[in-house]
Amino acid sequence: MCRAWRRPDIMPTWISRAALAWLLLLPALPAAAKVITRLPTADKVVALTFDACESRTPAFLDHGISDFLVAHQIPFTIFVSGRFARHNGAALAALGKLDFVELENHSMNHFNHMERLPDQAIRQELAEADAALFQASGRHSRYFRFPAGNYDARSLAVVEQAGYKVVHWSFASGDPGRSVTPAHLTEWVLLKTRPGDILIFHINGRGWSTARALPGIVAALQRRGYRFTRLDRMLP
Ligand SMILES: [Zn+2]
């Protein structure tokens with residue numbers, strides 16, 4: 001019989017120290033963070049989301065997209081980077097007056113690897129973008145999307161501790177691809193879309209075919225019985 005089993009107090013010191021360190025460490029770990037990629041529903045409802053990214057080069061709202069959605073009063077969400085908000089104040093002010101349009105946070109400077117930033121810089125990216133969005137539209141943000149979708153456990157925890165929920169997407173539409181035609185984009189999105197999906201496109205001029213494809217995509221989904229929602233109407 002093993003003496004250690006009968007007398008745990010004679011276990012090697014390193015084991016008990018390791019166990020103690022683990023127990024002390026546990027309460028310090030952040031609560032399990034997670035990225036939302038779907039709506040919590042089996043109903044035929046999807047969220048149309050659009051990224052308004054801007055890093056160094058000024059970018060401008062693709063009115064071909066927003067005019068269509070606004071004219072038909074179709075709910076949608078834009079993830080706005082702070083730099084973009086500064087260059088598109090009038091357009092965002094107009095959208096901010098519409099209750100079926102949601103404006104959310106896509107960082108201030110759109111660094112493609114926010115997981116490489118220290119905690120304080122991440123918090124600053126959130127706060128500055130929210131301030132720019134508020135100045136442009138009178139809206140504050142509750143949801144956040146990481147630029148290029150890059151994050152790690154620490155950066156995700158920092159964002160959640162700042163009071164944001166992180167929302168990414170169910171599948172990539174591929175609309176930043178220059179070779180993606182409106183027909184390809186339409187075919188791909190209609191092939192992939194399922195109830196509860198969060199769709200992602202770009203509204204900063206880099207969704208090359210998005211404005212031309214969107215009316216057909218929306219009409220086809222409506223024929224299938226789908227409706228559209230702001231994220232904050234469906235997410236906690
Ligand atoms: Zn982006």
# chains A, B, ... in the order shown; residues from 1 in each chain; ligands from 1
call {"tool": "residues_around", "arguments": {"residues": "Asn204 in chain A", "least_positions_apart": "5", "cutoff": "6 Å", "atoms": "only C-alpha atoms", "output": "PDB file with N, CA and C atoms, in the first residue's frame"}}
result
ATOM      1  N   ALA A  52     -17.617  48.995 -40.972  1.00  0.00           N
ATOM      2  CA  ALA A  52     -17.137  50.285 -41.484  1.00  0.00           C
ATOM      3  C   ALA A  52     -15.712  50.465 -40.964  1.00  0.00           C
ATOM      4  N   ALA A  59     -11.971  56.285 -45.334  1.00  0.00           N
ATOM      5  CA  ALA A  59     -12.955  55.437 -46.008  1.00  0.00           C
ATOM      6  C   ALA A  59     -14.322  56.090 -45.862  1.00  0.00           C
ATOM      7  N   PHE A  60     -15.207  55.769 -46.778  1.00  0.00           N
ATOM      8  CA  PHE A  60     -16.496  56.463 -46.793  1.00  0.00           C
ATOM      9  C   PHE A  60     -17.653  55.485 -46.912  1.00  0.00           C
ATOM     10  N   LEU A  61     -18.764  55.891 -46.332  1.00  0.00           N
ATOM     11  CA  LEU A  61     -19.935  55.015 -46.293  1.00  0.00           C
ATOM     12  C   LEU A  61     -20.394  54.685 -47.708  1.00  0.00           C
ATOM     13  N   ASP A  62     -20.679  53.417 -47.920  1.00  0.00           N
ATOM     14  CA  ASP A  62     -21.200  52.958 -49.207  1.00  0.00           C
ATOM     15  C   ASP A  62     -22.711  53.220 -49.207  1.00  0.00           C
TER      16      ASP A  62
END
call {"tool": "residues_near_ligand", "arguments": {"ligand": "ligand 1", "cutoff": "6 Å", "atoms": "only C-alpha atoms and all ligand atoms", "output": "ChimeraX atom specification"}}
result
/A:51,53,147-148
call {"tool": "write_last_selection", "arguments": {"atoms": "N, CA and C atoms", "output": "compact mmCIF listing (two decimals), in the first residue's frame"}}
result
# COMPACT_ATOMS: atom_id res chain seq x y z
N ASP A 51 -19.32 46.05 -41.70
CA ASP A 51 -18.17 46.65 -41.05
C ASP A 51 -17.78 47.94 -41.76
N CYS A 53 -14.80 49.74 -41.58
CA CYS A 53 -13.40 49.72 -41.14
C CYS A 53 -12.69 50.94 -41.71
N PRO A 147 -11.21 43.98 -35.12
CA PRO A 147 -10.73 44.15 -36.50
C PRO A 147 -10.11 42.85 -37.01
N ALA A 148 -10.48 42.47 -38.21
CA ALA A 148 -10.01 41.24 -38.86
C ALA A 148 -10.36 39.98 -38.06
call {"tool": "select_by_dssp", "arguments": {"residues": "range 18-197 of chain A", "states": "helix (DSSP H, G or I)", "output": "PyMOL selection string"}}
result
chain A and resi 18-28+63-71+82-87+89-96+114-116+119-137+147-149+153-161+182-192
call {"tool": "closest_residue", "arguments": {"among": "A:Tyr151, A:Phe76, A:Trp208, A:Phe68", "to": "Val35 in chain A", "atoms": "only C-alpha atoms"}}
result
A:Tyr151
call {"tool": "closest_residue", "arguments": {"among": "A:Ala93, A:Val80, A:Ala42, A:Val159", "to": "Met114 in chain A", "atoms": "only C-alpha atoms"}}
result
A:Val159
call {"tool": "residues_around", "arguments": {"residues": "range 168-172 of chain A", "least_positions_apart": "3", "cutoff": "9 Å", "atoms": "only C-alpha atoms", "output": "list in words"}}
result
Val35, Ile36, Thr37, Arg38, Thr49, Phe144, Arg145, Phe146, Gly149, Asp175, Val189, Lys192, Thr193, Gly196, Asp197, Ile198, Leu199, Ile200 and Phe201 of chain A
call {"tool": "closest_residue", "arguments": {"among": "A:Leu235, A:Leu48, A:Ala219, A:Ala136", "to": "Ser81 in chain A", "atoms": "only C-alpha atoms"}}
result
A:Ala136
call {"tool": "atom_distance", "arguments": {"atom1": "CA of Gly64 in chain A", "atom2": "CA of Ser141 in chain A"}}
result
24.2 Å
call {"tool": "decode", "arguments": {"residues": "range 51-69 of chain A", "atoms": "N, CA, C and O atoms", "output": "PDB file, in the first residue's frame"}}
result
ATOM      1  N   ASP A  51     -19.322  46.046 -41.701  1.00  0.00           N
ATOM      2  CA  ASP A  51     -18.168  46.653 -41.048  1.00  0.00           C
ATOM      3  C   ASP A  51     -17.784  47.944 -41.764  1.00  0.00           C
ATOM      4  O   ASP A  51     -17.654  47.970 -43.002  1.00  0.00           O
ATOM      5  N   ALA A  52     -17.617  48.995 -40.972  1.00  0.00           N
ATOM      6  CA  ALA A  52     -17.137  50.285 -41.484  1.00  0.00           C
ATOM      7  C   ALA A  52     -15.712  50.465 -40.964  1.00  0.00           C
ATOM      8  O   ALA A  52     -15.459  51.206 -40.032  1.00  0.00           O
ATOM      9  N   CYS A  53     -14.803  49.739 -41.576  1.00  0.00           N
ATOM     10  CA  CYS A  53     -13.404  49.724 -41.145  1.00  0.00           C
ATOM     11  C   CYS A  53     -12.691  50.943 -41.713  1.00  0.00           C
ATOM     12  O   CYS A  53     -12.966  51.363 -42.834  1.00  0.00           O
ATOM     13  N   GLU A  54     -11.789  51.466 -40.916  1.00  0.00           N
ATOM     14  CA  GLU A  54     -10.852  52.458 -41.446  1.00  0.00           C
ATOM     15  C   GLU A  54      -9.614  52.431 -40.581  1.00  0.00           C
ATOM     16  O   GLU A  54      -9.704  52.556 -39.358  1.00  0.00           O
ATOM     17  N   SER A  55      -8.467  52.291 -41.206  1.00  0.00           N
ATOM     18  CA  SER A  55      -7.214  52.375 -40.455  1.00  0.00           C
ATOM     19  C   SER A  55      -6.482  53.643 -40.877  1.00  0.00           C
ATOM     20  O   SER A  55      -6.750  54.716 -40.337  1.00  0.00           O
ATOM     21  N   ARG A  56      -5.594  53.578 -41.863  1.00  0.00           N
ATOM     22  CA  ARG A  56      -4.837  54.791 -42.216  1.00  0.00           C
ATOM     23  C   ARG A  56      -5.490  55.600 -43.325  1.00  0.00           C
ATOM     24  O   ARG A  56      -5.437  56.812 -43.331  1.00  0.00           O
ATOM     25  N   THR A  57      -6.088  54.910 -44.290  1.00  0.00           N
ATOM     26  CA  THR A  57      -6.665  55.594 -45.439  1.00  0.00           C
ATOM     27  C   THR A  57      -8.118  55.945 -45.156  1.00  0.00           C
ATOM     28  O   THR A  57      -8.885  55.068 -44.746  1.00  0.00           O
ATOM     29  N   PRO A  58      -8.500  57.202 -45.356  1.00  0.00           N
ATOM     30  CA  PRO A  58      -9.915  57.543 -45.136  1.00  0.00           C
ATOM     31  C   PRO A  58     -10.851  56.652 -45.947  1.00  0.00           C
ATOM     32  O   PRO A  58     -10.570  56.329 -47.098  1.00  0.00           O
ATOM     33  N   ALA A  59     -11.971  56.285 -45.334  1.00  0.00           N
ATOM     34  CA  ALA A  59     -12.955  55.437 -46.008  1.00  0.00           C
ATOM     35  C   ALA A  59     -14.322  56.090 -45.862  1.00  0.00           C
ATOM     36  O   ALA A  59     -14.551  56.859 -44.919  1.00  0.00           O
ATOM     37  N   PHE A  60     -15.207  55.769 -46.778  1.00  0.00           N
ATOM     38  CA  PHE A  60     -16.496  56.463 -46.793  1.00  0.00           C
ATOM     39  C   PHE A  60     -17.653  55.485 -46.912  1.00  0.00           C
ATOM     40  O   PHE A  60     -17.519  54.414 -47.510  1.00  0.00           O
ATOM     41  N   LEU A  61     -18.764  55.891 -46.332  1.00  0.00           N
ATOM     42  CA  LEU A  61     -19.935  55.015 -46.293  1.00  0.00           C
ATOM     43  C   LEU A  61     -20.394  54.685 -47.708  1.00  0.00           C
ATOM     44  O   LEU A  61     -20.516  55.578 -48.549  1.00  0.00           O
ATOM     45  N   ASP A  62     -20.679  53.417 -47.920  1.00  0.00           N
ATOM     46  CA  ASP A  62     -21.200  52.958 -49.207  1.00  0.00           C
ATOM     47  C   ASP A  62     -22.711  53.220 -49.207  1.00  0.00           C
ATOM     48  O   ASP A  62     -23.500  52.424 -48.684  1.00  0.00           O
ATOM     49  N   HIS A  63     -23.092  54.344 -49.802  1.00  0.00           N
ATOM     50  CA  HIS A  63     -24.510  54.729 -49.770  1.00  0.00           C
ATOM     51  C   HIS A  63     -25.390  53.786 -50.593  1.00  0.00           C
ATOM     52  O   HIS A  63     -26.594  53.724 -50.375  1.00  0.00           O
ATOM     53  N   GLY A  64     -24.773  53.073 -51.514  1.00  0.00           N
ATOM     54  CA  GLY A  64     -25.552  52.089 -52.272  1.00  0.00           C
ATOM     55  C   GLY A  64     -26.166  51.046 -51.341  1.00  0.00           C
ATOM     56  O   GLY A  64     -27.273  50.559 -51.588  1.00  0.00           O
ATOM     57  N   ILE A  65     -25.447  50.722 -50.278  1.00  0.00           N
ATOM     58  CA  ILE A  65     -25.958  49.759 -49.296  1.00  0.00           C
ATOM     59  C   ILE A  65     -26.971  50.423 -48.361  1.00  0.00           C
ATOM     60  O   ILE A  65     -28.098  49.958 -48.210  1.00  0.00           O
ATOM     61  N   SER A  66     -26.543  51.520 -47.756  1.00  0.00           N
ATOM     62  CA  SER A  66     -27.402  52.116 -46.723  1.00  0.00           C
ATOM     63  C   SER A  66     -28.692  52.688 -47.320  1.00  0.00           C
ATOM     64  O   SER A  66     -29.760  52.570 -46.708  1.00  0.00           O
ATOM     65  N   ASP A  67     -28.622  53.283 -48.504  1.00  0.00           N
ATOM     66  CA  ASP A  67     -29.840  53.846 -49.109  1.00  0.00           C
ATOM     67  C   ASP A  67     -30.883  52.764 -49.356  1.00  0.00           C
ATOM     68  O   ASP A  67     -32.078  52.971 -49.118  1.00  0.00           O
ATOM     69  N   PHE A  68     -30.429  51.620 -49.832  1.00  0.00           N
ATOM     70  CA  PHE A  68     -31.364  50.522 -50.095  1.00  0.00           C
ATOM     71  C   PHE A  68     -32.026  50.044 -48.799  1.00  0.00           C
ATOM     72  O   PHE A  68     -33.253  49.906 -48.719  1.00  0.00           O
ATOM     73  N   LEU A  69     -31.216  49.818 -47.771  1.00  0.00           N
ATOM     74  CA  LEU A  69     -31.759  49.288 -46.510  1.00  0.00           C
ATOM     75  C   LEU A  69     -32.683  50.302 -45.843  1.00  0.00           C
ATOM     76  O   LEU A  69     -33.731  49.940 -45.301  1.00  0.00           O
TER      77      LEU A  69
END
